[in-house]
Amino acid sequence: MLEEIGFVDVKVGPPADTFGEASGEKKARLFEVYGYPFLARKPG
Amino acid sequence: MGAELPVDPAALREEVKSKYREVARNPHGAFHFHTGRRAARRLGYEPGMLDRMPDAAIESFAGVANPFSLRPLEAGEKVVDAGSGAGFDCFIAAQQVGASGTVVGVDMLAEMLQKARATARTMGLSNVEFREGILEEMPVGDGWADVVISNGVINLCVDKKQVFREIWRVLRPGGRLQFADIANGKPVPASAVANIDLWTA
C-alpha cells in the first residue's frame, strides 16, 4: 500500500514480540501478530 | 462508509476512543497489550532514556514497536506524530530534534491530549505541541513535515489508504515516514474483520 501511494525506499525492521506475556498473547500467536518498524520516503 | 471498508469508520473511532480513554485514565489497568515502561522496554527503547522520562510521560504508552529503531531523527527536523496518545514518542522526538526542531502530536482523544500537554509543560518542552484531529484529516499544512512518525495507531484506522494519503500530503518532498505497527502472518477471517468489537480486543 505504501508503494501504491508513491512512497519509495520502503524498509521493514525485525519483529517485536509486542503481545508476549500480555493477556492478548494467545490471540496474537493464533494470527502470528507482531509489531514492526517501517521506514519509507516521499520522493523529492 | 466506502464500499470496500469492512466497518464504519466513525463507529470504529468511538470504539477506539473508549478503549484508549481508559489507557489515559487508568494506565495500570488490565489491557490485552502492555503499557508504560514495561512496554517500552520490551520494544527496545533505550533504557537510559526511559529512566529519564517522568512517569506521566510514559505510563500511558501503548506502542507496538520502536519507530526510531531504523533511523533516529535529526536536529532541526519538523515532526508529526500521527496518533500521539499521551505523548511518549513526541517527547523522545523532541529530544532528538532539539530546540531548533518542532514536534506536533495529533490525537483525537481529549483525555490523551490533556495528559500530553500537561506532561510537556512539566518537562519544560517548548518545541512540542499537541493538536486534536484524526489521522485521515490531520490539522497540519501541506508539505510541512520532514518526518511523520506513528506507533500502533494506523492499524486502528479502517481506511488505511486514506491515512497514508494524508501522511503523504503533510510530508515535504524527500520527507520520511517512520512508523511502527502490527502485522499478522496468518489471515484474519473476514467475519472477524467485520466485527468492530474485535478491532480493539
# chains A, B, ... in the order shown; residues from 1 in each chain; ligands from 1
call {"tool": "interface_residues", "arguments": {"of": "chain B", "to": "chain A", "cutoff": "9 Å", "atoms": "only C-alpha atoms", "output": "ChimeraX atom specification"}}
result
/B:30-34,39,42-44,63-71,151-152,160-161,164-165,168,171-188,201
call {"tool": "write_last_selection", "arguments": {"atoms": "N, CA and C atoms", "output": "CSV table (one decimal), in the first residue's frame"}}
result
chain,number,residue,atom,x,y,z
B,30,ALA,N,-6.0,-3.4,33.4
B,30,ALA,CA,-5.8,-4.6,32.7
B,30,ALA,C,-6.1,-4.4,31.2
B,31,PHE,N,-5.2,-4.6,30.4
B,31,PHE,CA,-5.4,-4.5,28.9
B,31,PHE,C,-4.8,-5.7,28.2
B,32,HIS,N,-5.2,-5.9,27.0
B,32,HIS,CA,-4.6,-7.1,26.3
B,32,HIS,C,-3.2,-6.8,25.7
B,33,PHE,N,-2.7,-5.6,25.9
B,33,PHE,CA,-1.4,-5.2,25.5
B,33,PHE,C,-0.6,-4.6,26.7
B,34,HIS,N,0.7,-4.6,26.6
B,34,HIS,CA,1.5,-4.0,27.6
B,34,HIS,C,1.4,-2.4,27.5
B,39,ALA,N,6.2,-1.9,28.5
B,39,ALA,CA,6.0,-2.0,27.1
B,39,ALA,C,7.2,-1.4,26.3
B,42,ARG,N,10.2,-3.7,26.4
B,42,ARG,CA,10.1,-4.8,25.5
B,42,ARG,C,10.4,-4.5,24.1
B,43,LEU,N,10.0,-3.2,23.7
B,43,LEU,CA,10.1,-2.8,22.3
B,43,LEU,C,11.5,-2.2,22.0
B,44,GLY,N,12.4,-2.2,22.9
B,44,GLY,CA,13.8,-1.9,22.6
B,44,GLY,C,14.1,-0.4,22.7
B,63,GLY,N,2.5,1.6,22.6
B,63,GLY,CA,3.0,1.4,21.3
B,63,GLY,C,3.3,-0.1,21.0
B,64,VAL,N,3.6,-0.4,19.8
B,64,VAL,CA,3.7,-1.8,19.4
B,64,VAL,C,5.1,-2.2,18.9
B,65,ALA,N,6.0,-1.2,18.6
B,65,ALA,CA,7.4,-1.4,18.2
B,65,ALA,C,8.0,0.0,18.4
B,66,ASN,N,9.3,0.1,17.9
B,66,ASN,CA,10.0,1.4,18.1
B,66,ASN,C,10.2,2.1,16.7
B,67,PRO,N,9.5,3.2,16.5
B,67,PRO,CA,9.6,3.9,15.2
B,67,PRO,C,10.9,4.6,15.0
B,68,PHE,N,11.8,4.6,16.0
B,68,PHE,CA,13.1,5.3,15.9
B,68,PHE,C,14.2,4.3,15.6
B,69,SER,N,13.8,3.0,15.6
B,69,SER,CA,14.9,1.9,15.5
B,69,SER,C,15.6,1.9,14.2
B,70,LEU,N,14.9,2.2,13.1
B,70,LEU,CA,15.5,2.1,11.8
B,70,LEU,C,16.3,3.3,11.5
B,71,ARG,N,15.9,4.5,12.1
B,71,ARG,CA,16.7,5.7,11.8
B,71,ARG,C,16.2,6.7,12.9
B,151,ASN,N,2.8,5.2,16.0
B,151,ASN,CA,3.1,3.9,16.7
B,151,ASN,C,1.8,3.2,17.1
B,152,GLY,N,1.5,2.2,16.4
B,152,GLY,CA,0.4,1.3,16.9
B,152,GLY,C,-1.0,2.0,16.7
B,160,LYS,N,-7.0,2.7,5.7
B,160,LYS,CA,-5.6,2.9,5.8
B,160,LYS,C,-5.0,3.6,4.6
B,161,LYS,N,-5.6,3.4,3.5
B,161,LYS,CA,-5.1,4.1,2.3
B,161,LYS,C,-5.3,5.6,2.4
B,164,PHE,N,-2.5,6.9,4.7
B,164,PHE,CA,-1.2,7.1,4.1
B,164,PHE,C,-1.3,8.2,3.1
B,165,ARG,N,-2.4,8.5,2.4
B,165,ARG,CA,-2.5,9.6,1.5
B,165,ARG,C,-2.3,10.9,2.3
B,168,TRP,N,1.2,11.4,3.3
B,168,TRP,CA,1.9,11.9,2.1
B,168,TRP,C,1.7,13.4,1.9
B,171,LEU,N,3.8,15.5,4.4
B,171,LEU,CA,5.2,15.4,4.3
B,171,LEU,C,5.7,16.3,3.1
B,172,ARG,N,6.9,16.9,3.4
B,172,ARG,CA,7.6,17.6,2.3
B,172,ARG,C,8.1,16.6,1.3
B,173,PRO,N,8.4,17.0,0.0
B,173,PRO,CA,9.1,16.1,-0.9
B,173,PRO,C,10.5,15.7,-0.3
B,174,GLY,N,10.8,14.5,-0.3
B,174,GLY,CA,12.0,14.0,0.4
B,174,GLY,C,11.8,13.6,1.8
B,175,GLY,N,10.6,13.9,2.4
B,175,GLY,CA,10.4,13.6,3.8
B,175,GLY,C,10.2,12.1,4.0
B,176,ARG,N,10.3,11.7,5.3
B,176,ARG,CA,10.2,10.3,5.7
B,176,ARG,C,9.0,10.0,6.5
B,177,LEU,N,8.6,8.8,6.3
B,177,LEU,CA,7.6,8.2,7.2
B,177,LEU,C,8.3,7.1,8.0
B,178,GLN,N,8.2,7.2,9.3
B,178,GLN,CA,8.8,6.2,10.2
B,178,GLN,C,7.7,5.8,11.2
B,179,PHE,N,7.2,4.6,11.0
B,179,PHE,CA,6.1,4.2,11.9
B,179,PHE,C,6.3,2.8,12.3
B,180,ALA,N,5.6,2.5,13.4
B,180,ALA,CA,5.6,1.1,14.0
B,180,ALA,C,4.2,0.7,14.0
B,181,ASP,N,3.9,-0.6,13.6
B,181,ASP,CA,2.6,-1.1,13.7
B,181,ASP,C,2.6,-2.6,13.6
B,182,ILE,N,1.4,-3.2,13.9
B,182,ILE,CA,1.3,-4.6,13.9
B,182,ILE,C,1.0,-5.1,12.5
B,183,ALA,N,1.4,-6.4,12.3
B,183,ALA,CA,1.0,-7.1,11.1
B,183,ALA,C,0.9,-8.5,11.4
B,184,ASN,N,-0.1,-9.2,10.8
B,184,ASN,CA,-0.3,-10.6,11.0
B,184,ASN,C,0.2,-11.5,9.9
B,185,GLY,N,0.8,-12.6,10.4
B,185,GLY,CA,1.4,-13.5,9.4
B,185,GLY,C,0.3,-14.5,8.9
B,186,LYS,N,-0.7,-14.7,9.6
B,186,LYS,CA,-1.8,-15.5,9.1
B,186,LYS,C,-3.1,-14.7,8.9
B,187,PRO,N,-3.9,-15.0,7.9
B,187,PRO,CA,-5.0,-14.1,7.6
B,187,PRO,C,-6.1,-14.2,8.7
B,188,VAL,N,-6.7,-13.1,8.9
B,188,VAL,CA,-7.8,-13.0,9.9
B,188,VAL,C,-9.1,-13.2,9.1
B,201,ALA,N,-9.8,-5.6,20.6
B,201,ALA,CA,-9.7,-6.6,21.6
B,201,ALA,C,-8.4,-7.4,21.5
call {"tool": "select_by_dssp", "arguments": {"residues": "stretch 35-168 of chain B", "states": "alpha helix (DSSP H)", "output": "number ranges by chain"}}
result
B: 36-42, 47-52, 55-58, 88-97, 110-123, 160-168
call {"tool": "atom_distance", "arguments": {"atom1": "atom CA of B:Ile58", "atom2": "atom CA of B:Pro27"}}
result
9.4 Å
call {"tool": "select_by_dssp", "arguments": {"residues": "chain A", "states": "strand (DSSP E or B)", "output": "list of chain:residue names"}}
result
A:Val8, A:Asp9, A:Val10, A:Lys11, A:Val12, A:Ala16, A:Val33, A:Tyr34, A:Gly35, A:Tyr36, A:Pro37, A:Phe38, A:Leu39, A:Ala40, A:Arg41
call {"tool": "residues_around", "arguments": {"residues": "stretch 127-130 of chain B", "least_positions_apart": "2", "cutoff": "6 Å", "atoms": "only C-alpha atoms", "output": "list in words"}}
result
Thr102, Val103, Val104, Gly105, Val106 and Leu125 of chain B
call {"tool": "write_last_selection", "arguments": {"atoms": "N, CA and C atoms", "output": "mmCIF file, in the first residue's frame"}}
result
data_model
loop_
_atom_site.group_PDB
_atom_site.id
_atom_site.type_symbol
_atom_site.label_atom_id
_atom_site.label_comp_id
_atom_site.auth_asym_id
_atom_site.auth_seq_id
_atom_site.Cartn_x
_atom_site.Cartn_y
_atom_site.Cartn_z
ATOM 1 N N THR B 102 10.781 20.982 15.719
ATOM 2 C CA THR B 102 9.406 21.121 16.206
ATOM 3 C C THR B 102 8.693 19.777 16.079
ATOM 4 N N VAL B 103 7.915 19.444 17.098
ATOM 5 C CA VAL B 103 7.138 18.200 17.083
ATOM 6 C C VAL B 103 5.669 18.538 17.297
ATOM 7 N N VAL B 104 4.828 18.031 16.420
ATOM 8 C CA VAL B 104 3.382 18.211 16.548
ATOM 9 C C VAL B 104 2.739 16.838 16.724
ATOM 10 N N GLY B 105 2.106 16.637 17.854
ATOM 11 C CA GLY B 105 1.361 15.406 18.078
ATOM 12 C C GLY B 105 -0.099 15.610 17.721
ATOM 13 N N VAL B 106 -0.661 14.666 16.987
ATOM 14 C CA VAL B 106 -2.075 14.732 16.596
ATOM 15 C C VAL B 106 -2.801 13.537 17.210
ATOM 16 N N LEU B 125 9.195 21.334 27.842
ATOM 17 C CA LEU B 125 9.451 21.199 26.408
ATOM 18 C C LEU B 125 8.686 22.279 25.645
#
call {"tool": "closest_residue", "arguments": {"among": "B:Gln96, B:Ser126, B:Ser191, B:Ser84", "to": "B:Met138", "atoms": "only C-alpha atoms"}}
result
B:Ser84
call {"tool": "atom_distance", "arguments": {"atom1": "atom CA of B:Ala116", "atom2": "atom CA of B:Glu136"}}
result
20.9 Å
call {"tool": "residues_around", "arguments": {"residues": "B:Ala24", "least_positions_apart": "4", "cutoff": "12 Å", "atoms": "only C-alpha atoms", "output": "NGL selection string"}}
result
:B and (17-20 or 28-29 or 35-36 or 56-62 or 84-87 or 109-116)
call {"tool": "decode", "arguments": {"residues": "stretch 14-25 of chain A", "atoms": "N, CA and C atoms", "output": "compact mmCIF listing (two decimals), in the first residue's frame"}}
result
# COMPACT_ATOMS: atom_id res chain seq x y z
N PRO A 14 13.03 -5.70 12.09
CA PRO A 14 12.73 -7.00 12.69
C PRO A 14 11.49 -6.94 13.57
N PRO A 15 10.81 -8.08 13.71
CA PRO A 15 9.58 -8.09 14.51
C PRO A 15 9.86 -7.92 16.00
N ALA A 16 8.90 -7.30 16.67
CA ALA A 16 8.92 -7.22 18.13
C ALA A 16 7.78 -8.09 18.65
N ASP A 17 8.04 -8.79 19.74
CA ASP A 17 7.00 -9.64 20.32
C ASP A 17 6.10 -8.77 21.19
N THR A 18 5.31 -7.98 20.52
CA THR A 18 4.51 -6.94 21.16
C THR A 18 3.60 -7.48 22.26
N PHE A 19 2.97 -8.61 22.00
CA PHE A 19 1.94 -9.11 22.92
C PHE A 19 2.44 -10.24 23.82
N GLY A 20 3.72 -10.60 23.72
CA GLY A 20 4.25 -11.66 24.56
C GLY A 20 4.05 -11.36 26.04
N GLU A 21 3.53 -12.35 26.77
CA GLU A 21 3.28 -12.25 28.21
C GLU A 21 2.16 -11.27 28.56
N ALA A 22 1.48 -10.74 27.55
CA ALA A 22 0.29 -9.91 27.80
C ALA A 22 -0.95 -10.80 27.66
N SER A 23 -2.09 -10.28 28.09
CA SER A 23 -3.29 -11.13 28.01
C SER A 23 -3.73 -11.36 26.57
N GLY A 24 -3.25 -10.54 25.66
CA GLY A 24 -3.58 -10.73 24.26
C GLY A 24 -2.65 -11.69 23.52
N GLU A 25 -1.74 -12.32 24.27
CA GLU A 25 -0.73 -13.17 23.61
C GLU A 25 -1.35 -14.34 22.84
